[in-house]
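Undergrad: Below is final-v5.txt; it holds compact mmCIF, C-alpha atoms and all ligand atoms.
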# COMPACT_ATOMS: atom_id res chain seq x y z
CA MET F 3 133.78 -40.66 45.62
CA ALA F 4 134.39 -40.12 49.34
CA ASP F 5 137.18 -42.70 49.26
CA SER F 6 139.31 -40.79 46.83
CA ILE F 7 140.33 -38.22 49.45
CA GLY F 8 143.11 -38.72 51.92
CA THR F 9 145.41 -40.97 49.90
CA GLY F 10 148.20 -38.42 49.38
CA SER F 11 151.50 -39.72 50.70
CA GLU F 12 154.68 -37.75 50.10
CA GLU F 13 155.59 -39.92 47.14
CA ALA F 14 152.14 -39.45 45.69
CA SER F 15 152.38 -35.68 45.98
CA ALA F 16 155.72 -35.65 44.16
CA SER F 17 154.27 -37.51 41.19
CA LEU F 18 151.12 -35.42 41.39
CA GLU F 19 153.28 -32.35 40.90
CA GLU F 20 154.86 -33.83 37.82
CA ARG F 21 151.47 -34.71 36.42
CA GLU F 22 150.14 -31.24 37.08
CA GLU F 23 153.14 -29.77 35.33
CA ALA F 24 152.37 -31.88 32.29
CA GLU F 25 148.69 -31.09 32.42
CA ARG F 26 149.42 -27.43 32.39
CA GLN F 27 150.85 -27.69 28.93
CA GLY F 28 147.45 -27.27 27.33
CA LEU F 29 146.84 -23.99 29.13
CA VAL F 30 147.73 -20.58 27.71
CA VAL F 31 150.29 -19.26 30.18
CA VAL F 32 149.87 -15.62 31.25
CA LYS F 33 152.55 -15.72 33.94
CA PRO F 34 154.75 -18.67 34.99
CA GLU F 35 155.34 -17.56 38.62
CA PRO F 36 152.94 -17.46 40.35
CA PHE F 37 151.35 -19.68 37.76
CA ASN F 38 148.49 -17.96 35.91
CA ALA F 39 147.01 -19.32 32.70
CA GLU F 40 143.93 -19.22 30.50
CA THR F 41 141.68 -22.00 29.29
CA PRO F 42 142.54 -22.61 25.61
CA THR F 43 139.79 -21.53 23.19
CA GLN F 44 139.09 -25.09 21.96
CA ALA F 45 138.35 -26.17 25.53
CA LEU F 46 135.85 -23.33 25.99
CA ALA F 47 133.66 -25.09 23.41
CA LEU F 48 133.12 -28.01 25.82
CA GLY F 49 130.14 -27.95 28.18
CA ARG F 50 132.42 -28.86 31.07
CA THR F 51 136.02 -27.68 31.13
CA PRO F 52 138.48 -30.53 31.76
CA THR F 53 140.55 -29.85 34.88
CA PRO F 54 143.95 -29.93 33.12
CA VAL F 55 142.89 -27.03 30.86
CA PHE F 56 140.79 -25.07 33.40
CA TYR F 57 142.22 -21.56 33.84
CA VAL F 58 144.38 -20.89 36.88
CA ARG F 59 144.45 -17.58 38.69
CA SER F 60 146.73 -17.39 41.72
CA ASN F 61 147.95 -14.19 43.34
CA HIS F 62 150.78 -16.00 45.17
CA ALA F 63 152.82 -19.20 45.00
CA GLU F 64 150.63 -22.28 45.41
CA PRO F 65 150.84 -23.72 48.92
CA GLU F 66 151.24 -27.46 49.25
CA LEU F 67 148.88 -28.83 51.88
CA SER F 68 148.39 -32.46 52.83
CA PRO F 69 144.79 -33.72 52.77
CA ASP F 70 145.72 -36.02 55.67
CA THR F 71 146.88 -33.38 58.09
CA HIS F 72 145.41 -30.07 56.88
CA ARG F 73 142.98 -28.43 59.28
CA ILE F 74 140.77 -25.39 59.03
CA SER F 75 140.34 -23.17 62.04
CA VAL F 76 136.69 -22.13 62.51
CA GLU F 77 136.58 -19.16 64.86
CA GLY F 78 135.45 -15.61 65.61
CA ALA F 79 131.87 -14.70 66.50
CA VAL F 80 130.76 -18.29 67.05
CA GLU F 81 129.63 -20.19 70.14
CA ASP F 82 131.81 -23.22 69.44
CA ALA F 83 135.13 -22.55 67.72
CA PHE F 84 136.79 -25.70 66.45
CA MET F 85 139.48 -27.14 64.20
CA LEU F 86 138.01 -28.86 61.17
CA GLU F 87 140.05 -31.68 59.71
CA VAL F 88 139.80 -32.08 55.96
CA ALA F 89 139.71 -35.84 56.47
CA GLU F 90 136.64 -35.32 58.67
CA LEU F 91 134.99 -32.95 56.19
CA SER F 92 135.31 -35.57 53.48
CA GLN F 93 133.19 -37.97 55.56
CA GLN F 94 130.24 -35.56 55.54
CA LYS F 95 127.30 -35.55 53.17
CA ARG F 96 128.30 -33.85 49.93
CA ARG F 97 126.62 -31.98 47.14
CA SER F 98 127.73 -31.65 43.52
CA LEU F 99 127.03 -28.54 41.48
CA THR F 100 127.96 -27.42 37.98
CA VAL F 101 129.32 -23.90 38.35
CA THR F 102 130.93 -21.47 35.91
CA LEU F 103 133.88 -19.51 37.29
CA GLU F 104 135.01 -16.37 35.53
CA CYS F 105 137.86 -14.22 36.77
CA ALA F 106 136.73 -10.63 37.32
CA GLY F 107 139.73 -9.58 35.20
CA ASN F 108 138.65 -11.71 32.21
CA GLY F 109 138.61 -9.55 29.07
CA ARG F 110 140.76 -6.85 30.67
CA THR F 111 143.03 -6.58 27.60
CA SER F 112 140.15 -5.28 25.51
CA MET F 113 139.44 -2.36 27.83
CA ALA F 114 140.66 1.10 26.82
CA PRO F 115 142.58 2.82 28.26
CA LEU F 116 144.26 -0.43 29.27
CA PRO F 117 143.96 -0.94 33.05
CA GLU F 118 146.75 -2.31 35.24
CA GLY F 119 146.63 -5.99 36.23
CA GLU F 120 147.13 -9.42 34.69
CA PRO F 121 146.66 -9.23 30.90
CA TRP F 122 143.74 -11.64 30.55
CA GLY F 123 142.19 -12.24 27.15
CA GLN F 124 138.82 -14.03 27.22
CA GLY F 125 140.03 -17.36 28.61
CA ALA F 126 139.94 -16.75 32.38
CA LEU F 127 136.77 -18.77 32.36
CA GLY F 128 135.65 -22.36 32.87
CA THR F 129 132.82 -24.58 34.08
CA ALA F 130 133.33 -27.57 36.35
CA ILE F 131 131.39 -29.93 38.58
CA TRP F 132 132.32 -29.08 42.14
CA THR F 133 131.66 -31.51 45.00
CA GLY F 134 131.80 -30.60 48.65
CA VAL F 135 130.07 -29.71 51.87
CA PRO F 136 127.97 -26.55 52.20
CA LEU F 137 129.82 -23.89 54.19
CA ALA F 138 126.51 -23.46 56.05
CA GLU F 139 126.93 -26.95 57.58
CA VAL F 140 130.26 -26.00 59.10
CA LEU F 141 128.88 -22.67 60.32
CA SER F 142 125.87 -24.36 61.89
CA ARG F 143 128.19 -26.67 63.82
CA ALA F 144 130.11 -23.62 65.08
CA ARG F 145 126.85 -21.76 65.82
CA LEU F 146 127.17 -18.18 64.61
CA ARG F 147 126.59 -15.56 67.26
CA LYS F 148 123.98 -12.93 66.45
CA GLU F 149 126.64 -10.19 66.20
CA ALA F 150 128.14 -11.90 63.15
CA VAL F 151 127.77 -9.82 59.97
CA GLU F 152 130.19 -11.48 57.53
CA VAL F 153 132.17 -14.69 57.19
CA LEU F 154 135.85 -14.41 56.35
CA ILE F 155 137.47 -17.20 54.37
CA GLU F 156 141.26 -17.20 54.37
CA GLY F 157 143.59 -19.08 52.05
CA ALA F 158 147.01 -20.46 53.00
CA ASP F 159 148.78 -18.29 50.39
CA GLY F 160 150.40 -14.86 50.66
CA LYS F 161 152.00 -13.23 53.68
CA GLY F 162 150.85 -10.65 56.22
CA SER F 163 148.32 -8.17 54.86
CA LYS F 164 148.58 -9.81 51.41
CA ARG F 165 147.38 -13.19 52.64
CA PHE F 166 144.52 -14.08 50.31
CA ALA F 167 141.31 -13.62 52.28
CA ARG F 168 137.78 -12.65 51.34
CA ALA F 169 134.59 -12.11 53.33
CA LEU F 170 131.06 -13.01 52.29
CA PRO F 171 127.81 -11.47 53.51
CA LEU F 172 125.85 -13.90 55.69
CA SER F 173 123.24 -14.50 52.99
CA LYS F 174 125.88 -15.86 50.62
CA ALA F 175 127.92 -17.67 53.29
CA LEU F 176 124.79 -19.51 54.48
CA HIS F 177 123.44 -20.26 51.01
CA PRO F 178 123.27 -24.06 50.53
CA ASP F 179 125.07 -23.79 47.16
CA THR F 180 128.16 -22.14 48.67
CA LEU F 181 130.46 -25.13 49.03
CA LEU F 182 133.68 -26.09 50.71
CA ALA F 183 134.70 -28.15 47.70
CA LEU F 184 136.96 -31.17 47.88
CA GLU F 185 136.55 -32.35 44.31
CA MET F 186 136.53 -30.86 40.83
CA ASN F 187 135.12 -32.85 37.92
CA GLY F 188 134.89 -36.00 40.04
CA ALA F 189 138.49 -36.09 41.27
CA PRO F 190 140.23 -34.59 44.31
CA LEU F 191 141.15 -30.95 43.77
CA THR F 192 144.55 -30.40 42.20
CA ARG F 193 147.04 -28.14 43.91
CA ALA F 194 146.55 -25.37 41.33
CA HIS F 195 142.81 -25.30 42.00
CA GLY F 196 143.07 -25.18 45.78
CA ALA F 197 143.78 -28.67 47.19
CA PRO F 198 142.71 -30.04 49.51
CA VAL F 199 139.75 -27.70 50.00
CA ARG F 200 138.49 -24.51 48.37
CA LEU F 201 135.40 -22.42 48.55
CA VAL F 202 133.06 -22.31 45.54
CA VAL F 203 130.69 -19.34 45.50
CA PRO F 204 128.25 -19.91 42.62
CA GLY F 205 127.32 -16.83 40.63
CA TRP F 206 130.13 -14.60 41.86
CA TYR F 207 133.31 -13.75 40.02
CA GLY F 208 136.17 -16.14 40.80
CA MET F 209 137.89 -14.10 43.54
CA ALA F 210 135.17 -15.14 46.02
CA SER F 211 136.02 -18.83 45.58
CA VAL F 212 139.00 -18.89 47.96
CA LYS F 213 141.46 -21.71 47.32
CA TRP F 214 143.53 -23.58 49.97
CA VAL F 215 141.07 -22.65 52.74
CA SER F 216 142.86 -22.51 56.11
CA ARG F 217 140.70 -20.32 58.33
CA ILE F 218 137.03 -19.38 58.61
CA GLU F 219 136.18 -16.48 60.89
CA ALA F 220 132.78 -15.01 61.71
CA LEU F 221 133.25 -11.23 61.76
CA THR F 222 131.30 -8.63 63.70
CA ARG F 223 132.42 -5.86 61.34
CA PRO F 224 132.82 -5.68 57.57
CA PHE F 225 136.20 -6.97 56.42
CA GLU F 226 138.67 -4.37 55.20
CA GLY F 227 141.51 -6.55 53.94
CA TYR F 228 143.56 -5.89 50.80
CA TYR F 229 141.69 -8.33 48.54
CA GLN F 230 138.36 -6.94 49.78
CA ARG F 231 138.91 -3.16 49.76
CA ASP F 232 141.94 -2.47 47.53
CA ARG F 233 141.29 -5.11 44.87
CA TYR F 234 138.08 -6.51 43.35
CA ILE F 235 136.33 -3.14 43.46
CA TYR F 236 134.79 -1.20 40.59
CA ASP F 237 136.75 2.03 40.84
CA THR F 238 135.51 4.36 38.13
CA ALA F 239 138.10 6.99 39.17
CA ASP F 240 135.56 9.80 39.01
CA GLY F 241 135.24 10.45 42.73
CA ARG F 242 132.38 8.01 43.23
CA LYS F 243 132.77 5.46 46.01
CA PRO F 244 134.00 2.16 44.53
CA GLU F 245 131.48 -0.71 44.51
CA PRO F 246 132.60 -4.23 45.45
CA VAL F 247 132.87 -6.77 42.64
CA THR F 248 130.36 -9.53 43.36
CA ARG F 249 128.13 -11.41 40.88
CA MET F 250 129.22 -12.21 37.33
CA ARG F 251 127.69 -9.86 34.80
CA VAL F 252 125.64 -11.27 31.94
CA LYS F 253 127.98 -12.36 29.15
CA SER F 254 128.33 -14.63 26.15
CA LEU F 255 131.07 -16.14 24.08
CA ILE F 256 131.21 -17.44 20.52
CA THR F 257 133.09 -20.75 20.49
CA SER F 258 132.54 -21.63 16.84
CA PRO F 259 133.53 -20.59 14.23
CA GLU F 260 136.93 -19.59 15.58
CA GLU F 261 138.49 -16.17 15.15
CA GLY F 262 139.84 -15.83 11.59
CA ALA F 263 138.14 -19.05 10.41
CA ARG F 264 137.81 -19.59 6.63
CA LEU F 265 134.35 -20.96 5.94
CA THR F 266 132.87 -22.49 2.84
CA GLU F 267 129.61 -21.10 1.49
CA GLY F 268 126.37 -22.61 2.78
CA PRO F 269 124.76 -22.51 6.21
CA VAL F 270 127.18 -21.96 9.11
CA VAL F 271 126.28 -22.98 12.65
CA VAL F 272 127.43 -20.32 15.11
CA GLN F 273 127.78 -21.70 18.65
CA GLY F 274 128.75 -20.51 22.06
CA MET F 275 128.09 -20.14 25.76
CA ALA F 276 126.15 -17.59 27.82
CA TRP F 277 125.95 -17.00 31.57
CA SER F 278 124.91 -14.48 34.21
CA GLY F 279 125.89 -14.94 37.84
CA GLU F 280 123.04 -16.11 40.10
CA ARG F 281 120.57 -15.66 37.24
CA ARG F 282 119.32 -17.62 34.27
CA VAL F 283 120.06 -16.50 30.75
CA VAL F 284 116.77 -16.12 28.90
CA GLN F 285 117.91 -15.05 25.45
CA VAL F 286 120.94 -15.03 23.20
CA GLU F 287 120.93 -13.04 19.96
CA VAL F 288 123.41 -13.11 17.11
CA ALA F 289 124.24 -10.46 14.54
CA VAL F 290 126.15 -11.43 11.40
CA ASP F 291 126.94 -7.89 10.36
CA GLY F 292 127.49 -4.56 12.06
CA GLY F 293 124.55 -2.48 13.15
CA ASP F 294 121.44 -3.53 14.97
CA ASN F 295 120.28 -6.61 13.12
CA TRP F 296 120.02 -9.08 16.04
CA LYS F 297 118.34 -12.48 15.60
CA SER F 298 117.47 -15.04 18.28
CA ALA F 299 119.70 -18.06 18.82
CA THR F 300 118.45 -21.34 20.31
CA LEU F 301 119.39 -22.28 23.87
CA LEU F 302 120.59 -25.90 23.77
CA GLU F 303 119.82 -26.72 27.38
CA VAL F 304 117.58 -25.53 30.18
CA PRO F 305 119.35 -22.48 31.62
CA ARG F 306 120.38 -22.74 35.26
CA PRO F 307 121.59 -19.96 37.51
CA SER F 308 125.37 -19.90 37.98
CA ALA F 309 126.30 -22.18 35.07
CA TRP F 310 126.70 -21.27 31.43
CA VAL F 311 124.20 -22.45 28.84
CA ARG F 312 125.13 -23.56 25.35
CA TRP F 313 123.45 -21.91 22.38
CA ALA F 314 123.43 -22.22 18.59
CA PHE F 315 122.39 -20.10 15.64
CA THR F 316 122.20 -21.05 11.97
CA TRP F 317 123.61 -18.41 9.63
CA GLU F 318 121.70 -19.26 6.50
CA ASN F 319 123.47 -17.88 3.47
CA PRO F 320 126.77 -16.20 4.14
CA LYS F 321 128.14 -14.35 1.11
CA PRO F 322 131.83 -14.53 0.18
CA GLY F 323 134.01 -12.02 2.00
CA ARG F 324 134.95 -10.89 5.50
CA HIS F 325 132.21 -10.91 8.13
CA THR F 326 131.75 -9.90 11.74
CA LEU F 327 129.83 -12.15 14.13
CA ARG F 328 128.53 -10.94 17.48
CA ALA F 329 126.54 -12.59 20.28
CA ARG F 330 124.56 -10.85 23.00
CA ALA F 331 122.98 -12.49 26.06
CA THR F 332 120.08 -11.24 28.20
CA ASP F 333 119.25 -12.59 31.66
CA GLU F 334 116.01 -13.10 33.57
CA ALA F 335 116.37 -9.68 35.21
CA GLY F 336 116.37 -8.11 31.72
CA GLU F 337 120.05 -7.21 31.78
CA THR F 338 121.86 -7.31 28.45
CA GLN F 339 125.51 -7.08 27.46
CA PRO F 340 126.69 -3.57 26.62
CA GLU F 341 128.33 -2.77 23.27
CA SER F 342 131.42 -1.44 25.00
CA ALA F 343 133.09 -2.19 28.31
CA GLN F 344 132.28 -0.11 31.36
CA TRP F 345 135.79 1.11 32.11
CA ASN F 346 137.13 0.95 35.64
CA ARG F 347 140.66 1.50 36.97
CA LEU F 348 141.40 -2.16 37.77
CA GLY F 349 139.74 -3.54 34.66
CA TYR F 350 137.05 -5.79 36.13
CA GLY F 351 133.72 -7.07 34.84
CA ASN F 352 134.20 -6.59 31.10
CA ASN F 353 131.04 -8.17 29.70
CA ALA F 354 130.91 -6.21 26.45
CA VAL F 355 129.74 -7.84 23.24
CA GLN F 356 132.74 -9.36 21.44
CA VAL F 357 133.36 -9.18 17.72
CA ARG F 358 134.51 -12.26 15.83
CA VAL F 359 135.93 -11.87 12.34
CA VAL F 360 135.56 -14.75 9.86
CA TYR F 361 135.98 -15.23 6.08
CA VAL F 362 133.64 -16.95 3.70
CA GLY F 363 134.61 -18.44 0.33
N1 LIG X 401 143.75 -18.58 48.15
C1 LIG X 401 143.47 -18.04 46.97
N2 LIG X 401 142.26 -18.23 46.44
C2 LIG X 401 141.94 -17.70 45.24
C3 LIG X 401 142.86 -16.89 44.54
C4 LIG X 401 144.14 -16.69 45.11
O1 LIG X 401 145.01 -16.02 44.56
N3 LIG X 401 144.41 -17.29 46.34
N4 LIG X 401 142.48 -16.34 43.33
C5 LIG X 401 141.05 -16.13 43.16
C6 LIG X 401 140.70 -15.70 41.83
S1 LIG X 401 141.00 -14.06 41.48
C7 LIG X 401 140.06 -16.53 40.94
S2 LIG X 401 139.51 -15.93 39.46
C8 LIG X 401 139.84 -17.96 41.24
C9 LIG X 401 140.44 -18.83 40.18
O2 LIG X 401 140.24 -20.18 40.47
P1 LIG X 401 141.05 -21.29 39.63
O3 LIG X 401 142.52 -20.95 39.70
O4 LIG X 401 140.72 -22.59 40.24
O5 LIG X 401 140.54 -21.19 38.22
O6 LIG X 401 140.41 -18.32 42.48
C10 LIG X 401 140.25 -17.38 43.51
N5 LIG X 401 140.71 -17.94 44.75
MO MO X 402 140.06 -13.63 39.45
Here is a file; write its structure as structure tokens.
TA:
Amino acid sequence: MADSIGTGSEEASASLEEREEAERQGLVVVKPEPFNAETPTQALALGRTPTPVFYVRSNHAEPELSPDTHRISVEGAVEDAFMLEVAELSQQKRRSLTVTLECAGNGRTSMAPLPEGEPWGQGALGTAIWTGVPLAEVLSRARLRKEAVEVLIEGADGKGSKRFARALPLSKALHPDTLLALEMNGAPLTRAHGAPVRLVVPGWYGMASVKWVSRIEALTRPFEGYYQRDRYIYDTADGRKPEPVTRMRVKSLITSPEEGARLTEGPVVVQGMAWSGERRVVQVEVAVDGGDNWKSATLLEVPRPSAWVRWAFTWENPKPGRHTLRARATDEAGETQPESAQWNRLGYGNNAVQVRVVYVG
């Protein structure tokens, strides 16, 4: 695995670009420039989302960085500031984790009144195996000073005050699962997903997982940058102080049957995914009509924090006609999906129960 990094010559990166272009064809494009696209619904039914169809959310044009020469500056409130070469990072001991990433704006188009922002349906979501070095390892080499309160991670994209940068509290920055990832699904990161190195912050909405990492700075005061204070906040526009967007709210998705499916009579297996950032899902319920008639589904694998779990439910004897299917997940802290979205000005964190319409007979 370690050998696969650091082979990018200029010729290789030209053909890589072509390949990425082709790979993107399976995605549902939301915006061509900067490229933003959703995972197609069929791909959301897979336990692991293949890289070519994994959603892409970029606020700016994708920088092109060479894995051979790219370096990350590690600085700020540390004893030993240094320049970290990606080539060097790839020699270190790595960890692999399966992590679900969901964009905080996923499901925005079903909020009312419709908030501003990218018009995401329910496909700004995917699960991949991420391989890299814990951020904590790099920070321990730099030796954080005791005045440090947050760790800023900066991407190589965007200019001036709009450069993409996000800070983490120390507890999350030092967590062994917070990775400087070099690989996604067993291959070097693609440019769209942050090559050559991105952060992966398990359990938090996608904005925390900074792509194209170029600078790491230990801060002695909370970060007030644009993508920390003006975006990725729950602003309820009622005079209350906005809360930062952090962990992914408990949520579920029906992957089968598809929206508008025509089913034959007889038992129908309803399937889907459920997740809750940093927590395990403990229950998924399904309702095959309106109202409050929820029945337990079966979890198909042992739930883990920060990755979705697959579930299934057998709908015994559907009658001919139009039906509504709903799924509702509950996590280990007892939190359950709401029936309707909690509106906020920027349209984040929509984890409301979704309604799927199908036909029988
Ligand atoms: N440098 C940088 N990192 C970034 C972003 C960005 O615009 N620039 N977008 C963030 C957001 S909002 C999300 S949801 C995830 C998406 O990761 P993906 O494109 O690999 O799916 O990346 C995050 N990291
Ligand atoms: Mo996002």
Undergrad: Of the candidates F:Thr100, F:Thr41, F:Ser211, F:Ser142, which shows the shortest atom-to-atom distance to ligand MO 402 (chain X), using all atoms listed in the file?
TA: F:Ser211
Undergrad: Identify, counting all atoms listed in the file, the protein, DNA and RNA residues located within 6 Å of ligand MO 402 (chain X), and give them as a short mmCIF file (atom, residue, chain, number, x, y, z; two decimals) with C-alpha atoms, in the frame of the given file.
TA:
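Done, and the output landed in result30.cif:
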data_model
loop_
_atom_site.label_atom_id
_atom_site.label_comp_id
_atom_site.auth_asym_id
_atom_site.auth_seq_id
_atom_site.Cartn_x
_atom_site.Cartn_y
_atom_site.Cartn_z
CA ARG F 59 144.45 -17.58 38.69
CA CYS F 105 137.86 -14.22 36.77
CA ALA F 106 136.73 -10.63 37.32
CA GLY F 107 139.73 -9.58 35.20
CA GLY F 208 136.17 -16.14 40.80
CA MET F 209 137.89 -14.10 43.54
#
Undergrad: Please work out which residues fall within 8 Å of (133.0, -23.5, 37.7), coordinates as given in the file, with all atoms listed in the file counting, and return them as a PDB file with C-alpha atoms, keeping the file's coordinate frame.
TA:
ATOM      1  CA  THR F 100     127.960 -27.420  37.980  1.00  0.00           C
ATOM      2  CA  VAL F 101     129.320 -23.900  38.350  1.00  0.00           C
ATOM      3  CA  THR F 102     130.930 -21.470  35.910  1.00  0.00           C
ATOM      4  CA  LEU F 103     133.880 -19.510  37.290  1.00  0.00           C
ATOM      5  CA  GLU F 104     135.010 -16.370  35.530  1.00  0.00           C
ATOM      6  CA  GLY F 128     135.650 -22.360  32.870  1.00  0.00           C
ATOM      7  CA  THR F 129     132.820 -24.580  34.080  1.00  0.00           C
ATOM      8  CA  ALA F 130     133.330 -27.570  36.350  1.00  0.00           C
ATOM      9  CA  ILE F 131     131.390 -29.930  38.580  1.00  0.00           C
ATOM     10  CA  TRP F 132     132.320 -29.080  42.140  1.00  0.00           C
ATOM     11  CA  VAL F 202     133.060 -22.310  45.540  1.00  0.00           C
ATOM     12  CA  PRO F 204     128.250 -19.910  42.620  1.00  0.00           C
ATOM     13  CA  ALA F 309     126.300 -22.180  35.070  1.00  0.00           C
TER      14      ALA F 309
END
Undergrad: I want to know what sits within 10 Å of F:Ser254, based on all atoms listed in the file, with residues of the same chain fewer than 6 positions away left out; could you give that as a PDB file with C-alpha atoms, in the coordinates of the input?
TA:
ATOM      1  CA  GLY F 274     128.750 -20.510  22.060  1.00  0.00           C
ATOM      2  CA  MET F 275     128.090 -20.140  25.760  1.00  0.00           C
ATOM      3  CA  ALA F 276     126.150 -17.590  27.820  1.00  0.00           C
ATOM      4  CA  TRP F 277     125.950 -17.000  31.570  1.00  0.00           C
ATOM      5  CA  SER F 278     124.910 -14.480  34.210  1.00  0.00           C
ATOM      6  CA  VAL F 283     120.060 -16.500  30.750  1.00  0.00           C
ATOM      7  CA  VAL F 286     120.940 -15.030  23.200  1.00  0.00           C
ATOM      8  CA  GLU F 287     120.930 -13.040  19.960  1.00  0.00           C
ATOM      9  CA  TRP F 310     126.700 -21.270  31.430  1.00  0.00           C
ATOM     10  CA  VAL F 311     124.200 -22.450  28.840  1.00  0.00           C
ATOM     11  CA  ARG F 312     125.130 -23.560  25.350  1.00  0.00           C
ATOM     12  CA  TRP F 313     123.450 -21.910  22.380  1.00  0.00           C
ATOM     13  CA  ARG F 328     128.530 -10.940  17.480  1.00  0.00           C
ATOM     14  CA  ALA F 329     126.540 -12.590  20.280  1.00  0.00           C
ATOM     15  CA  ARG F 330     124.560 -10.850  23.000  1.00  0.00           C
ATOM     16  CA  ALA F 331     122.980 -12.490  26.060  1.00  0.00           C
ATOM     17  CA  THR F 332     120.080 -11.240  28.200  1.00  0.00           C
ATOM     18  CA  GLN F 339     125.510  -7.080  27.460  1.00  0.00           C
ATOM     19  CA  ASN F 353     131.040  -8.170  29.700  1.00  0.00           C
ATOM     20  CA  ALA F 354     130.910  -6.210  26.450  1.00  0.00           C
ATOM     21  CA  VAL F 355     129.740  -7.840  23.240  1.00  0.00           C
ATOM     22  CA  GLN F 356     132.740  -9.360  21.440  1.00  0.00           C
TER      23      GLN F 356
END
Undergrad: Kindly provide, as a PDB file with C-alpha atoms, keeping the file's coordinate frame, all nucleotide and amino acid residues lying within 9 Å of ligand LIG 401 (chain X), counting only C-alpha atoms and all ligand atoms.
TA:
ATOM      1  CA  ASN F  38     148.490 -17.960  35.910  1.00  0.00           C
ATOM      2  CA  ALA F  39     147.010 -19.320  32.700  1.00  0.00           C
ATOM      3  CA  GLU F  40     143.930 -19.220  30.500  1.00  0.00           C
ATOM      4  CA  PHE F  56     140.790 -25.070  33.400  1.00  0.00           C
ATOM      5  CA  TYR F  57     142.220 -21.560  33.840  1.00  0.00           C
ATOM      6  CA  VAL F  58     144.380 -20.890  36.880  1.00  0.00           C
ATOM      7  CA  ARG F  59     144.450 -17.580  38.690  1.00  0.00           C
ATOM      8  CA  SER F  60     146.730 -17.390  41.720  1.00  0.00           C
ATOM      9  CA  ASN F  61     147.950 -14.190  43.340  1.00  0.00           C
ATOM     10  CA  HIS F  62     150.780 -16.000  45.170  1.00  0.00           C
ATOM     11  CA  ALA F  63     152.820 -19.200  45.000  1.00  0.00           C
ATOM     12  CA  GLU F  64     150.630 -22.280  45.410  1.00  0.00           C
ATOM     13  CA  PRO F  65     150.840 -23.720  48.920  1.00  0.00           C
ATOM     14  CA  LEU F 103     133.880 -19.510  37.290  1.00  0.00           C
ATOM     15  CA  GLU F 104     135.010 -16.370  35.530  1.00  0.00           C
ATOM     16  CA  CYS F 105     137.860 -14.220  36.770  1.00  0.00           C
ATOM     17  CA  ALA F 106     136.730 -10.630  37.320  1.00  0.00           C
ATOM     18  CA  GLY F 107     139.730  -9.580  35.200  1.00  0.00           C
ATOM     19  CA  ASN F 108     138.650 -11.710  32.210  1.00  0.00           C
ATOM     20  CA  ALA F 126     139.940 -16.750  32.380  1.00  0.00           C
ATOM     21  CA  LEU F 127     136.770 -18.770  32.360  1.00  0.00           C
ATOM     22  CA  GLY F 128     135.650 -22.360  32.870  1.00  0.00           C
ATOM     23  CA  ILE F 155     137.470 -17.200  54.370  1.00  0.00           C
ATOM     24  CA  GLU F 156     141.260 -17.200  54.370  1.00  0.00           C
ATOM     25  CA  GLY F 157     143.590 -19.080  52.050  1.00  0.00           C
ATOM     26  CA  ALA F 158     147.010 -20.460  53.000  1.00  0.00           C
ATOM     27  CA  ASP F 159     148.780 -18.290  50.390  1.00  0.00           C
ATOM     28  CA  GLY F 160     150.400 -14.860  50.660  1.00  0.00           C
ATOM     29  CA  ARG F 165     147.380 -13.190  52.640  1.00  0.00           C
ATOM     30  CA  PHE F 166     144.520 -14.080  50.310  1.00  0.00           C
ATOM     31  CA  ALA F 167     141.310 -13.620  52.280  1.00  0.00           C
ATOM     32  CA  ARG F 168     137.780 -12.650  51.340  1.00  0.00           C
ATOM     33  CA  THR F 192     144.550 -30.400  42.200  1.00  0.00           C
ATOM     34  CA  ALA F 194     146.550 -25.370  41.330  1.00  0.00           C
ATOM     35  CA  HIS F 195     142.810 -25.300  42.000  1.00  0.00           C
ATOM     36  CA  GLY F 196     143.070 -25.180  45.780  1.00  0.00           C
ATOM     37  CA  ARG F 200     138.490 -24.510  48.370  1.00  0.00           C
ATOM     38  CA  LEU F 201     135.400 -22.420  48.550  1.00  0.00           C
ATOM     39  CA  VAL F 202     133.060 -22.310  45.540  1.00  0.00           C
ATOM     40  CA  TYR F 207     133.310 -13.750  40.020  1.00  0.00           C
ATOM     41  CA  GLY F 208     136.170 -16.140  40.800  1.00  0.00           C
ATOM     42  CA  MET F 209     137.890 -14.100  43.540  1.00  0.00           C
ATOM     43  CA  ALA F 210     135.170 -15.140  46.020  1.00  0.00           C
ATOM     44  CA  SER F 211     136.020 -18.830  45.580  1.00  0.00           C
ATOM     45  CA  VAL F 212     139.000 -18.890  47.960  1.00  0.00           C
ATOM     46  CA  LYS F 213     141.460 -21.710  47.320  1.00  0.00           C
ATOM     47  CA  TRP F 214     143.530 -23.580  49.970  1.00  0.00           C
ATOM     48  CA  VAL F 215     141.070 -22.650  52.740  1.00  0.00           C
ATOM     49  CA  SER F 216     142.860 -22.510  56.110  1.00  0.00           C
ATOM     50  CA  TYR F 234     138.080  -6.510  43.350  1.00  0.00           C
TER      51      TYR F 234
END
Undergrad: Which residue, F:Gly363, F:Pro244, F:Gly336, F:Pro36, has the smallest gap to F:Gly268 when you use only C-alpha atoms?
TA: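 Checking each candidate against F:Gly268, we get F:Gly363 as the closest.
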Undergrad: Measuring between all atoms listed in the file, which one of F:Leu116, F:Val55, F:Leu191, F:Val252 shows the shortest distance to F:Pro340?
TA: F:Val252
Undergrad: Please compute the atom CA of F:Asn352-atom CA of F:Tyr236 distance, one decimal, in Å.
TA: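 Answer for the atom CA of F:Asn352 to atom CA of F:Tyr236 separation: 10.9 Å.
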Undergrad: With only C-alpha atoms as the atoms that count, which of F:Val80, F:Arg231, F:Ser98, F:Glu341 lies nearest to F:Asp294?
TA: F:Glu341
Undergrad: Considering all atoms listed in the file, can you say which of F:Arg251, F:Val88, F:Asn319, F:Gly351 comes closest to F:Thr338?
TA: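 Checking each candidate against F:Thr338, we get F:Arg251 as the closest.
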